[in-house]
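Here's work12.cif, which has mmCIF, C-alpha atoms:
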data_data
#
loop_
_atom_site.label_atom_id
_atom_site.label_comp_id
_atom_site.auth_asym_id
_atom_site.auth_seq_id
_atom_site.Cartn_x
_atom_site.Cartn_y
_atom_site.Cartn_z
CA MET U 1 74.34 87.08 -9.79
CA GLU U 2 72.80 90.19 -11.39
CA LEU U 3 69.42 91.09 -9.98
CA GLU U 4 66.69 92.46 -12.22
CA GLN U 5 65.70 96.07 -11.77
CA PRO U 6 61.97 96.54 -11.21
CA LEU U 7 60.24 97.47 -14.46
CA HIS U 8 57.64 99.49 -12.61
CA ASN U 9 57.64 101.25 -9.26
CA GLU U 10 54.47 99.35 -8.39
CA ALA U 11 56.48 96.11 -8.35
CA MET U 12 58.20 97.29 -5.18
CA LEU U 13 54.83 97.80 -3.51
CA LEU U 14 53.59 94.27 -4.22
CA PRO U 15 54.76 92.69 -0.91
CA GLY U 16 52.83 95.39 0.96
CA TYR U 17 49.88 94.85 -1.37
CA VAL U 18 49.83 91.13 -0.55
CA SER U 19 50.10 91.72 3.21
CA GLN U 20 47.54 94.55 2.93
CA THR U 21 49.74 97.05 4.71
CA LEU U 22 49.82 99.78 2.04
CA SER U 23 48.15 103.14 2.45
CA PRO U 24 44.78 103.43 0.66
CA GLU U 25 46.38 105.63 -2.02
CA GLU U 26 49.20 103.13 -2.69
CA GLU U 27 46.77 100.23 -2.73
CA GLU U 28 44.62 101.94 -5.34
CA GLN U 29 47.72 102.80 -7.37
CA VAL U 30 48.85 99.15 -7.39
CA ALA U 31 45.37 97.80 -8.16
CA THR U 32 44.99 100.17 -11.12
CA HIS U 33 48.45 99.24 -12.39
CA LEU U 34 47.84 95.49 -12.08
CA ASN U 35 44.80 95.73 -14.32
CA ALA U 36 47.03 96.84 -17.18
CA CYS U 37 50.39 95.08 -16.51
CA ASP U 38 50.89 91.35 -17.11
CA THR U 39 54.50 91.46 -15.84
CA CYS U 40 53.46 92.82 -12.46
CA GLN U 41 50.59 90.34 -12.29
CA GLN U 42 53.15 87.56 -12.67
CA GLU U 43 55.34 89.25 -10.05
CA LEU U 44 52.31 89.43 -7.75
CA GLN U 45 51.82 85.68 -8.07
CA GLU U 46 55.49 85.07 -7.20
CA VAL U 47 55.31 87.35 -4.18
CA THR U 48 52.12 85.63 -2.99
CA ASN U 49 53.65 82.16 -3.31
CA MET U 50 56.91 83.22 -1.74
CA GLN U 51 55.15 84.83 1.19
CA ALA U 52 53.15 81.62 1.78
CA ALA U 53 56.32 79.53 1.59
CA ILE U 54 58.15 81.80 4.04
CA LYS U 55 55.21 81.86 6.45
CA ASN U 56 54.99 78.08 6.33
CA SER U 57 58.73 77.71 6.71
CA ILE U 58 59.07 79.99 9.73
CA ALA U 59 55.88 78.74 11.40
CA GLN U 60 57.34 75.23 11.49
CA ARG U 61 60.35 76.31 13.48
CA PRO U 62 60.34 75.28 17.12
CA GLY U 63 59.88 77.95 19.76
CA PRO U 64 62.29 78.81 22.57
CA SER U 65 62.78 76.35 25.41
CA PRO U 66 60.87 76.90 28.68
CA ALA U 67 64.25 77.53 30.29
CA ALA U 68 64.38 80.91 28.56
CA PHE U 69 61.44 82.17 30.63
CA SER U 70 63.00 80.87 33.86
CA THR U 71 66.26 82.60 32.98
CA LEU U 72 64.38 85.80 32.24
CA MET U 73 62.54 85.75 35.57
CA ARG U 74 65.81 85.12 37.44
CA ARG U 75 67.37 88.10 35.67
CA ILE U 76 64.38 90.26 36.55
CA GLU U 77 64.59 89.25 40.22
CA ARG U 78 68.28 90.08 40.21
CA GLU U 79 67.51 93.49 38.70
CA LYS U 80 64.88 94.15 41.35
CA ARG U 81 67.33 93.29 44.13
CA ALA U 82 69.95 95.55 42.61
CA GLN U 83 67.44 98.39 42.39
CA THR U 84 66.42 97.90 46.02
CA GLN U 85 70.05 97.94 47.12
CA ARG U 86 70.67 101.12 45.16
CA ILE U 87 67.72 102.80 46.91
CA ALA U 88 68.68 101.49 50.37
CA GLN U 89 72.32 102.49 50.05
CA PRO U 90 73.02 105.44 52.37
CA THR U 91 73.87 108.54 50.45
CA THR U 92 74.72 110.80 53.45
CA THR U 93 78.16 112.34 53.44
CA SER U 94 80.14 113.78 56.30
CA TRP U 95 80.50 117.56 56.69
CA TRP U 96 84.16 117.27 55.75
CA GLU U 97 83.30 115.44 52.50
CA THR U 98 80.79 118.20 51.73
CA VAL U 99 83.37 120.93 52.33
CA GLU U 100 86.02 119.04 50.39
CA SER U 101 83.61 118.49 47.51
CA ALA U 102 82.71 122.19 47.41
CA PHE U 103 86.40 123.16 47.57
CA ARG U 104 87.31 120.71 44.81
CA SER U 105 84.55 122.07 42.61
CA LEU U 106 86.26 125.48 42.75
CA PHE U 107 89.23 123.99 40.92
CA GLU U 108 87.12 122.50 38.18
CA VAL U 109 86.98 124.40 34.92
CA GLN U 110 83.60 125.91 35.65
CA GLY U 111 84.70 126.97 39.19
CA VAL U 112 87.87 128.80 38.18
CA PRO U 113 86.21 132.19 37.44
CA LEU U 114 84.47 132.07 40.82
CA LEU U 115 87.71 131.20 42.60
CA ALA U 116 89.54 134.04 40.83
CA SER U 117 86.79 136.50 41.74
CA LEU U 118 86.92 135.44 45.39
CA LEU U 119 90.70 135.87 45.48
CA ILE U 120 90.47 139.36 43.97
CA VAL U 121 87.77 140.43 46.43
CA GLY U 122 89.77 138.95 49.33
CA GLN U 123 92.90 140.80 48.32
CA ALA U 124 90.96 144.03 47.96
CA PHE U 125 89.57 143.70 51.51
CA LEU U 126 93.02 142.93 52.88
CA LEU U 127 94.54 145.99 51.20
CA LEU U 128 91.75 148.24 52.39
CA SER U 129 92.15 147.04 55.97
CA LEU U 130 95.89 147.70 55.84
CA ILE U 131 95.63 151.11 54.22
CA GLY U 132 92.76 152.19 56.40
CA ASN U 133 90.01 154.50 55.33
CA PRO U 134 91.09 158.16 55.72
CA GLU U 135 87.51 159.33 55.41
CA GLY U 136 86.59 157.23 58.42
CA HIS U 137 88.83 159.46 60.67
CA GLN U 138 87.30 162.79 59.71
CA GLY U 139 86.25 164.75 62.74
CA GLN U 140 88.52 162.91 65.20
CA GLY U 141 90.55 166.07 65.57
CA THR U 142 93.79 165.68 67.42
CA GLU U 143 94.36 161.96 66.90
CA ALA U 144 97.72 161.25 65.47
CA ILE U 145 97.77 160.58 61.76
CA ILE U 146 98.20 156.88 61.35
CA GLU U 147 100.98 155.97 59.04
CA ARG U 148 100.20 153.67 56.15
CA GLY U 149 100.84 150.07 56.87
CA ILE U 150 100.52 150.41 60.63
CA PRO U 151 97.28 149.07 61.98
CA GLN U 152 95.05 151.30 64.00
CA GLY U 153 95.47 151.05 67.75
CA THR U 154 99.20 150.43 67.62
CA PRO U 155 100.99 152.74 70.24
CA GLN U 156 103.01 155.41 68.49
CA LEU U 157 106.61 155.98 69.70
CA SER U 158 108.21 159.43 69.22
CA ILE U 159 111.80 159.56 68.10
CA LEU U 160 114.11 162.09 69.74
CA LYS U 161 116.90 163.24 67.50
CA ILE U 162 120.05 165.08 68.52
CA ARG U 163 123.40 165.96 67.00
CA VAL U 164 126.40 164.72 68.86
CA GLY U 165 130.11 165.35 68.41
CA PHE U 166 132.41 162.84 70.09
CA GLN U 167 135.78 163.52 71.69
CA ALA U 168 138.76 162.85 69.45
CA ASP U 169 140.12 160.24 71.86
CA ALA U 170 136.81 158.54 72.51
CA GLN U 171 136.99 154.83 71.88
CA ASP U 172 134.46 153.01 69.72
CA GLN U 173 133.77 150.52 72.51
CA HIS U 174 132.79 153.27 74.93
CA ILE U 175 130.66 155.05 72.33
CA ARG U 176 128.85 151.76 71.60
CA GLU U 177 128.19 151.17 75.32
CA PHE U 178 126.79 154.68 75.68
CA LEU U 179 124.47 154.21 72.72
CA GLN U 180 123.21 150.98 74.25
CA THR U 181 122.55 152.80 77.53
CA ILE U 182 120.28 155.34 75.88
CA GLN U 183 119.01 152.76 73.34
CA GLY U 184 120.01 155.15 70.57
CA ARG U 185 121.56 154.63 67.20
CA ILE U 186 123.49 156.76 64.74
CA ILE U 187 121.35 157.46 61.73
CA ASP U 188 123.52 159.95 59.92
CA GLY U 189 127.02 161.43 59.89
CA PRO U 190 129.63 162.39 60.28
CA SER U 191 128.70 165.81 58.95
CA SER U 192 131.18 168.48 57.80
CA ASP U 193 131.68 169.54 61.46
CA GLY U 194 132.32 165.99 62.61
CA THR U 195 128.95 165.48 64.32
CA TYR U 196 126.57 162.54 64.10
CA THR U 197 122.81 162.39 64.21
CA LEU U 198 121.44 160.16 66.96
CA ALA U 199 117.92 158.78 67.05
CA VAL U 200 116.56 157.71 70.44
CA PRO U 201 113.08 156.33 70.96
CA GLN U 202 111.18 158.32 73.55
CA GLN U 203 110.63 156.09 76.53
CA GLY U 204 108.42 156.91 79.46
CA THR U 205 108.67 160.56 80.41
CA MET U 206 112.05 161.21 78.82
CA THR U 207 112.21 164.56 77.07
CA LEU U 208 114.61 165.98 74.57
CA ASP U 209 116.22 168.16 77.25
CA ALA U 210 116.71 165.19 79.57
CA LEU U 211 118.32 163.28 76.74
CA LEU U 212 120.65 166.20 76.00
CA THR U 213 121.57 166.50 79.68
CA GLN U 214 122.27 162.75 79.96
CA THR U 215 124.39 162.92 76.84
CA ARG U 216 126.38 165.96 77.84
CA GLN U 217 127.19 164.30 81.17
CA GLN U 218 129.40 161.87 79.20
CA ALA U 219 132.10 164.52 79.00
CA ASN U 220 134.89 162.03 78.39
CA LEU U 221 133.01 160.85 75.27
CA VAL U 222 130.87 163.76 74.08
CA ARG U 223 132.27 167.17 73.23
CA VAL U 224 129.01 168.65 71.95
CA ALA U 225 125.31 167.67 72.02
CA VAL U 226 122.61 169.87 70.54
CA PRO U 227 119.00 169.38 69.49
CA LEU U 228 118.60 168.61 65.81
CA GLN U 229 117.38 171.60 63.89
CA PRO U 230 114.48 170.69 61.69
CA MET L 1 42.81 88.25 36.61
CA ASP L 2 43.07 84.88 34.90
CA ALA L 3 45.03 83.90 31.81
CA THR L 4 41.92 84.22 29.61
CA HIS L 5 41.61 87.85 30.56
CA TRP L 6 45.18 88.65 29.52
CA GLN L 7 44.56 87.08 26.11
CA ASP L 8 41.66 89.45 25.50
CA LEU L 9 43.71 92.58 26.09
CA THR L 10 45.32 94.55 23.28
CA ASP L 11 49.10 94.75 23.27
CA LEU L 12 49.00 98.26 24.71
CA ASP L 13 46.56 97.38 27.48
CA LEU L 14 48.56 94.30 28.38
CA LEU L 15 51.71 96.42 28.52
CA LYS L 16 49.98 98.91 30.82
CA ALA L 17 48.75 96.04 33.00
CA CYS L 18 52.36 94.99 33.57
CA VAL L 19 53.01 98.20 35.53
CA PRO L 20 53.77 98.28 38.39
CA ASP L 21 55.47 94.90 38.60
CA ASN L 22 52.53 92.66 37.65
CA GLN L 23 54.25 89.35 37.06
CA PRO L 24 51.25 87.43 35.61
CA ALA L 25 50.62 90.22 33.11
CA PHE L 26 54.29 90.27 32.11
CA ALA L 27 54.26 86.48 31.77
CA ALA L 28 51.27 86.84 29.41
CA LEU L 29 53.14 89.48 27.40
CA TYR L 30 56.14 87.15 27.21
CA GLN L 31 54.00 84.25 26.01
CA ARG L 32 52.43 86.47 23.37
CA TYR L 33 55.80 87.47 21.93
CA GLU L 34 58.27 84.69 22.78
CA LYS L 35 57.76 82.69 19.59
CA ARG L 36 57.53 85.69 17.27
CA VAL L 37 60.67 87.31 18.67
CA PHE L 38 62.51 83.99 18.84
CA HIS L 39 61.65 83.20 15.20
CA TYR L 40 62.79 86.66 14.16
CA LEU L 41 66.05 86.21 16.06
CA MET L 42 66.55 82.79 14.49
CA THR L 43 66.12 84.37 11.05
CA VAL L 44 68.75 86.99 11.82
CA VAL L 45 71.37 85.12 13.87
CA ASN L 46 70.62 81.56 12.62
CA ASP L 47 71.65 79.99 15.93
CA ALA L 48 69.07 78.64 18.37
CA THR L 49 71.24 79.00 21.48
CA LEU L 50 72.24 82.55 20.63
CA ALA L 51 68.66 83.42 19.65
CA GLU L 52 67.42 82.20 23.03
CA GLU L 53 70.06 84.21 24.88
CA ILE L 54 69.10 87.32 22.93
CA LEU L 55 65.40 86.65 23.55
CA VAL L 56 66.05 86.88 27.29
CA GLU L 57 67.95 90.15 26.78
CA VAL L 58 65.13 91.56 24.64
CA MET L 59 62.39 90.72 27.13
CA LEU L 60 64.53 92.02 30.01
CA ALA L 61 64.88 95.30 28.10
CA VAL L 62 61.11 95.31 27.56
CA TRP L 63 60.58 94.80 31.32
CA LYS L 64 62.97 97.67 32.09
CA GLY L 65 61.24 99.91 29.54
CA LEU L 66 57.66 99.23 30.66
CA THR L 67 57.37 102.54 32.47
CA THR L 68 59.08 104.57 29.76
CA PHE L 69 57.17 103.28 26.72
CA GLN L 70 55.37 106.31 25.35
CA GLY L 71 52.99 104.53 23.00
CA GLN L 72 54.16 106.57 20.02
CA SER L 73 54.64 103.38 18.03
CA LYS L 74 52.93 100.00 18.07
CA VAL L 75 54.00 97.71 20.89
CA SER L 76 55.15 95.12 18.35
CA THR L 77 57.27 97.71 16.51
CA TRP L 78 58.84 98.75 19.81
CA ILE L 79 59.62 95.16 20.83
CA PHE L 80 60.98 94.19 17.41
CA GLY L 81 63.03 97.38 17.39
CA ILE L 82 64.67 96.23 20.63
CA ALA L 83 65.11 92.77 19.15
CA HIS L 84 66.76 94.25 16.06
CA HIS L 85 69.37 96.12 18.11
CA LYS L 86 70.04 93.13 20.35
CA ALA L 87 70.35 90.86 17.29
CA VAL L 88 72.86 93.23 15.68
CA ASP L 89 74.88 93.14 18.91
CA GLY L 90 74.60 89.35 19.00
CA LEU L 91 75.78 89.02 15.41
CA ARG L 92 78.89 91.01 16.20
CA LYS L 93 79.83 88.43 18.80
CA VAL L 94 79.77 85.40 16.53
CA THR L 95 82.02 84.65 13.62
CA SER L 96 80.79 84.62 10.06
CA GLN L 97 81.58 80.92 9.98
CA GLN L 98 79.14 80.29 12.81
CA ARG L 99 76.51 82.41 11.10
CA GLY L 100 76.63 80.68 7.75
CA GLY L 101 73.67 78.52 6.85
CA ILE L 102 73.85 74.86 6.02
CA PRO L 103 74.71 74.55 2.30
CA ILE L 104 71.47 74.11 0.45
CA GLU L 105 72.98 71.16 -1.43
CA ASP L 106 73.09 69.24 1.86
CA ILE L 107 69.33 69.63 2.18
CA MET L 108 68.71 68.70 -1.45
CA GLU L 109 70.73 65.50 -1.14
CA SER L 110 69.40 64.43 2.22
CA PRO L 111 67.01 61.44 2.09
CA GLU L 112 63.34 62.30 2.23
CA PRO L 113 61.60 61.33 5.41
CA ARG L 114 59.33 58.39 4.71
CA ASP L 115 57.04 58.51 7.72
CA GLY L 116 53.73 60.37 7.69
CA PRO L 117 51.37 61.32 4.85
CA PHE L 118 53.08 62.24 1.56
CA GLU L 119 51.55 65.72 1.40
CA GLU L 120 52.71 66.56 4.87
CA THR L 121 56.28 65.42 4.26
CA THR L 122 56.37 67.33 0.97
CA LYS L 123 55.14 70.44 2.74
CA ASN L 124 57.69 70.02 5.49
CA ARG L 125 60.43 69.49 2.96
CA LEU L 126 59.49 72.60 1.02
CA ALA L 127 59.39 74.56 4.23
CA GLU L 128 62.85 73.29 5.09
CA LEU L 129 64.15 74.12 1.62
CA THR L 130 62.69 77.63 1.82
CA ASN L 131 64.21 78.04 5.24
CA GLN L 132 67.63 76.97 4.04
CA ALA L 133 67.36 79.16 0.94
CA MET L 134 66.60 82.06 3.27
CA MET L 135 69.65 81.24 5.38
CA ASN L 136 71.84 81.57 2.30
CA LEU L 137 70.84 85.22 1.99
CA SER L 138 72.57 88.05 3.82
CA SER L 139 71.26 88.78 7.32
CA ASP L 140 69.85 92.12 6.08
CA HIS L 141 67.82 90.37 3.37
CA ARG L 142 66.67 87.62 5.72
CA GLU L 143 65.61 90.15 8.28
CA ILE L 144 63.60 92.32 5.90
CA LEU L 145 61.87 89.32 4.30
CA HIS L 146 60.93 88.12 7.78
CA MET L 147 59.45 91.49 8.65
CA ALA L 148 57.59 92.03 5.37
CA PHE L 149 56.54 88.48 4.48
CA TYR L 150 56.13 86.77 7.87
CA GLU L 151 55.34 89.55 10.35
CA ASP L 152 53.32 91.53 7.77
CA GLN L 153 54.87 94.75 9.02
CA SER L 154 54.14 97.81 6.88
CA TYR L 155 56.98 99.65 5.15
CA PRO L 156 56.78 102.61 7.57
CA GLU L 157 56.90 100.23 10.55
CA ILE L 158 59.92 98.40 9.16
CA SER L 159 61.51 101.77 8.45
CA GLU L 160 61.01 102.79 12.08
CA LEU L 161 62.32 99.64 13.70
CA LEU L 162 65.34 99.28 11.39
CA GLY L 163 66.05 103.01 11.35
CA ILE L 164 66.22 103.27 7.55
CA PRO L 165 64.17 105.34 5.05
CA VAL L 166 60.90 103.91 3.75
CA ASN L 167 62.20 103.91 0.14
CA THR L 168 65.20 101.87 1.26
CA VAL L 169 62.80 99.39 2.85
CA LYS L 170 60.88 99.06 -0.44
CA THR L 171 63.97 98.46 -2.56
CA ARG L 172 65.54 96.14 0.03
CA VAL L 173 62.40 94.00 0.21
CA TYR L 174 62.28 93.85 -3.60
CA TYR L 175 65.92 92.83 -3.99
CA ALA L 176 65.77 90.35 -1.09
CA LYS L 177 62.82 88.68 -2.78
CA GLN L 178 64.73 88.66 -6.09
CA GLN L 179 67.76 87.15 -4.38
CA LEU L 180 65.66 84.42 -2.80
CA LYS L 181 64.06 83.68 -6.17
CA LYS L 182 67.53 83.36 -7.77
CA THR L 183 68.62 80.94 -5.04
CA LEU L 184 65.52 78.83 -5.51
CA GLN L 185 65.92 78.92 -9.32
CA HIS L 186 69.54 77.89 -9.00
CA HIS L 187 68.43 74.72 -7.23
CA GLY L 188 65.47 74.09 -9.50
CA MET L 189 62.89 74.67 -6.78
CA THR L 190 60.91 77.47 -8.37
CA LYS L 191 58.36 75.03 -9.75
CA ASP L 192 57.68 73.73 -6.23
CA ILE L 193 57.64 77.01 -4.38
CA LEU L 194 56.90 79.75 -6.91
#
Take the structure I supplied and represent it as structure tokens, if you would.
Amino acid sequence: MELEQPLHNEAMLLPGYVSQTLSPEEEEQVATHLNACDTCQQELQEVTNMQAAIKNSIAQRPGPSPAAFSTLMRRIEREKRAQTQRIAQPTTTSWWETVESAFRSLFEVQGVPLLASLLIVGQAFLLLSLIGNPEGHQGQGTEAIIERGIPQGTPQLSILKIRVGFQADAQDQHIREFLQTIQGRIIDGPSSDGTYTLAVPQQGTMTLDALLTQTRQQANLVRVAVPLQP
Amino acid sequence: MDATHWQDLTDLDLLKACVPDNQPAFAALYQRYEKRVFHYLMTVVNDATLAEEILVEVMLAVWKGLTTFQGQSKVSTWIFGIAHHKAVDGLRKVTSQQRGGIPIEDIMESPEPRDGPFEETTKNRLAELTNQAMMNLSSDHREILHMAFYEDQSYPEISELLGIPVNTVKTRVYYAKQQLKKTLQHHGMTKDIL
């Protein structure tokens, strides 16, 4: 079914004109138009009759049953109880849940930059503590220079180094036993003259001379023992 | 406060009286709107059981929104706005077959009631015919005719509660009225009603 287009814009305002809900300007516009337009006057009559018919039709419908109100009040009571329970529900969390929650938040997208920054700062502190701060030792005079990577306060062991030439008939087994006795080890050699460099940690009051004397006493093993020239 | 007092209050004052949790005031607000909202819902969903279910949902939403209502619109516009959204949700749940009105021919051919004064039965019959003609329109047209012709809502108010431009309201009201006229003409009822 094709519906007729309104001939005049005022025709679309007629329902509002009948129910008196137009603005004063629109109402005046419609009233002026109606004085000069028979078509819209006829349309106005139709709208008036139709509105009365619709009002009469809808007004005769029955209302909702009383049960609707009872249902509503039950629903409201249920809502109130739910609200009370929500308020009464304990919301305290244990310290571990708090810590875990904070830790988990670091791994969320927004926490990643913070976590990365903390890791960088932590690494920096660790490196600084390992390297030590050279400026912090200024003025301490005779203290041994602490090697990088060795924490401060660690006792420093001196290494005694000598050059040793073994007898041609000395057996490996005997040489090994001697090295164990002095807790030394061969760190270089043999050189062009057949000597080896021995490194022995300085223990107690042992001196380089004492080490040389102890070594030379092994005459069946050692043919020559001299201090290592720097 | 007695029931008479609630009747004297404006919609806005009655709404304010409902807070906090004033059950008699809310009951008065319900009584003021139950029939209007139920009739509107009947127009849109055309099913009394569903309309009653939605009425409860609407008034529950009103109860929940009592403290948040800002008063920027009329109370009736606010309540019918809620009803509109709930009705749209309700319509989605039922099939088009359930929504369809009774064929108007069934009403035309049904025997006229013989009891009561003749004028009254004629009036009732015309009202029933108008009602059934309305139910043969689309839900959009039924709804806007209800708002404009029964509730006497202004175009801006209808625009606000349906969420459509005012000009769309004007054209939709015009074409809904034209459609209803065509339906009535088709069944030869224009002489009785128009």
Proximal residues of chain L relative to chain U (only C-alpha atoms; 6 Å) as a VMD selection string
chain L and resid 35 56 127 131 149 to 150 152 154 170 174 194
Written as a ChimeraX atom specification, which residues does the PyMOL selection byres ((chain L and resi 157) around 12) give for the file shown?
/U:16,21-22 /L:72-81,144,147-148,151-156,158-166,169-170
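Atom pair CA of Ala31 in chain U / CA of Leu7 in chain U has a distance of 16.2 Å (rounded to one decimal).
With CA of Leu91 in chain L on one side and CA of Ala51 in chain L on the other, the separation reads 10.0 Å.
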Using only C-alpha atoms, list the residues that have an atom at most 12 Å from (111.1, 159.2, 74.5), coordinates as in the file, as a PyMOL selection string.
chain U and resi 156-161+182-184+199-212
Would you save the residues from that selection as a PDB file, in the frame of the given file, using C-alpha atoms?
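Dumped everything to result.pdb:
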ATOM      1  CA  GLN U 156     103.010 155.410  68.490  1.00  0.00           C
ATOM      2  CA  LEU U 157     106.610 155.980  69.700  1.00  0.00           C
ATOM      3  CA  SER U 158     108.210 159.430  69.220  1.00  0.00           C
ATOM      4  CA  ILE U 159     111.800 159.560  68.100  1.00  0.00           C
ATOM      5  CA  LEU U 160     114.110 162.090  69.740  1.00  0.00           C
ATOM      6  CA  LYS U 161     116.900 163.240  67.500  1.00  0.00           C
ATOM      7  CA  ILE U 182     120.280 155.340  75.880  1.00  0.00           C
ATOM      8  CA  GLN U 183     119.010 152.760  73.340  1.00  0.00           C
ATOM      9  CA  GLY U 184     120.010 155.150  70.570  1.00  0.00           C
ATOM     10  CA  ALA U 199     117.920 158.780  67.050  1.00  0.00           C
ATOM     11  CA  VAL U 200     116.560 157.710  70.440  1.00  0.00           C
ATOM     12  CA  PRO U 201     113.080 156.330  70.960  1.00  0.00           C
ATOM     13  CA  GLN U 202     111.180 158.320  73.550  1.00  0.00           C
ATOM     14  CA  GLN U 203     110.630 156.090  76.530  1.00  0.00           C
ATOM     15  CA  GLY U 204     108.420 156.910  79.460  1.00  0.00           C
ATOM     16  CA  THR U 205     108.670 160.560  80.410  1.00  0.00           C
ATOM     17  CA  MET U 206     112.050 161.210  78.820  1.00  0.00           C
ATOM     18  CA  THR U 207     112.210 164.560  77.070  1.00  0.00           C
ATOM     19  CA  LEU U 208     114.610 165.980  74.570  1.00  0.00           C
ATOM     20  CA  ASP U 209     116.220 168.160  77.250  1.00  0.00           C
ATOM     21  CA  ALA U 210     116.710 165.190  79.570  1.00  0.00           C
ATOM     22  CA  LEU U 211     118.320 163.280  76.740  1.00  0.00           C
ATOM     23  CA  LEU U 212     120.650 166.200  76.000  1.00  0.00           C
TER      24      LEU U 212
END
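Pairwise distance (CA of Ala116 in chain U, CA of Arg104 in chain U) equals 14.1 Å.
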For the provided coordinates, the residues matched by the PyMOL selection byres ((chain L and resi 40) around 10) should be stated as a VMD selection string.
(chain U and resid 58) or (chain L and resid 34 to 39 41 to 46 51 55 80 83 to 84 87 142 to 143 146 to 147 150 to 151)
Generate a file of the selected residues that holds C-alpha atoms, formatted as a PDB file, in the frame of the given file.
ATOM      1  CA  ILE U  58      59.070  79.990   9.730  1.00  0.00           C
TER       2      ILE U  58
ATOM      3  CA  GLU L  34      58.270  84.690  22.780  1.00  0.00           C
ATOM      4  CA  LYS L  35      57.760  82.690  19.590  1.00  0.00           C
ATOM      5  CA  ARG L  36      57.530  85.690  17.270  1.00  0.00           C
ATOM      6  CA  VAL L  37      60.670  87.310  18.670  1.00  0.00           C
ATOM      7  CA  PHE L  38      62.510  83.990  18.840  1.00  0.00           C
ATOM      8  CA  HIS L  39      61.650  83.200  15.200  1.00  0.00           C
ATOM      9  CA  LEU L  41      66.050  86.210  16.060  1.00  0.00           C
ATOM     10  CA  MET L  42      66.550  82.790  14.490  1.00  0.00           C
ATOM     11  CA  THR L  43      66.120  84.370  11.050  1.00  0.00           C
ATOM     12  CA  VAL L  44      68.750  86.990  11.820  1.00  0.00           C
ATOM     13  CA  VAL L  45      71.370  85.120  13.870  1.00  0.00           C
ATOM     14  CA  ASN L  46      70.620  81.560  12.620  1.00  0.00           C
ATOM     15  CA  ALA L  51      68.660  83.420  19.650  1.00  0.00           C
ATOM     16  CA  LEU L  55      65.400  86.650  23.550  1.00  0.00           C
ATOM     17  CA  PHE L  80      60.980  94.190  17.410  1.00  0.00           C
ATOM     18  CA  ALA L  83      65.110  92.770  19.150  1.00  0.00           C
ATOM     19  CA  HIS L  84      66.760  94.250  16.060  1.00  0.00           C
ATOM     20  CA  ALA L  87      70.350  90.860  17.290  1.00  0.00           C
ATOM     21  CA  ARG L 142      66.670  87.620   5.720  1.00  0.00           C
ATOM     22  CA  GLU L 143      65.610  90.150   8.280  1.00  0.00           C
ATOM     23  CA  HIS L 146      60.930  88.120   7.780  1.00  0.00           C
ATOM     24  CA  MET L 147      59.450  91.490   8.650  1.00  0.00           C
ATOM     25  CA  TYR L 150      56.130  86.770   7.870  1.00  0.00           C
ATOM     26  CA  GLU L 151      55.340  89.550  10.350  1.00  0.00           C
TER      27      GLU L 151
END
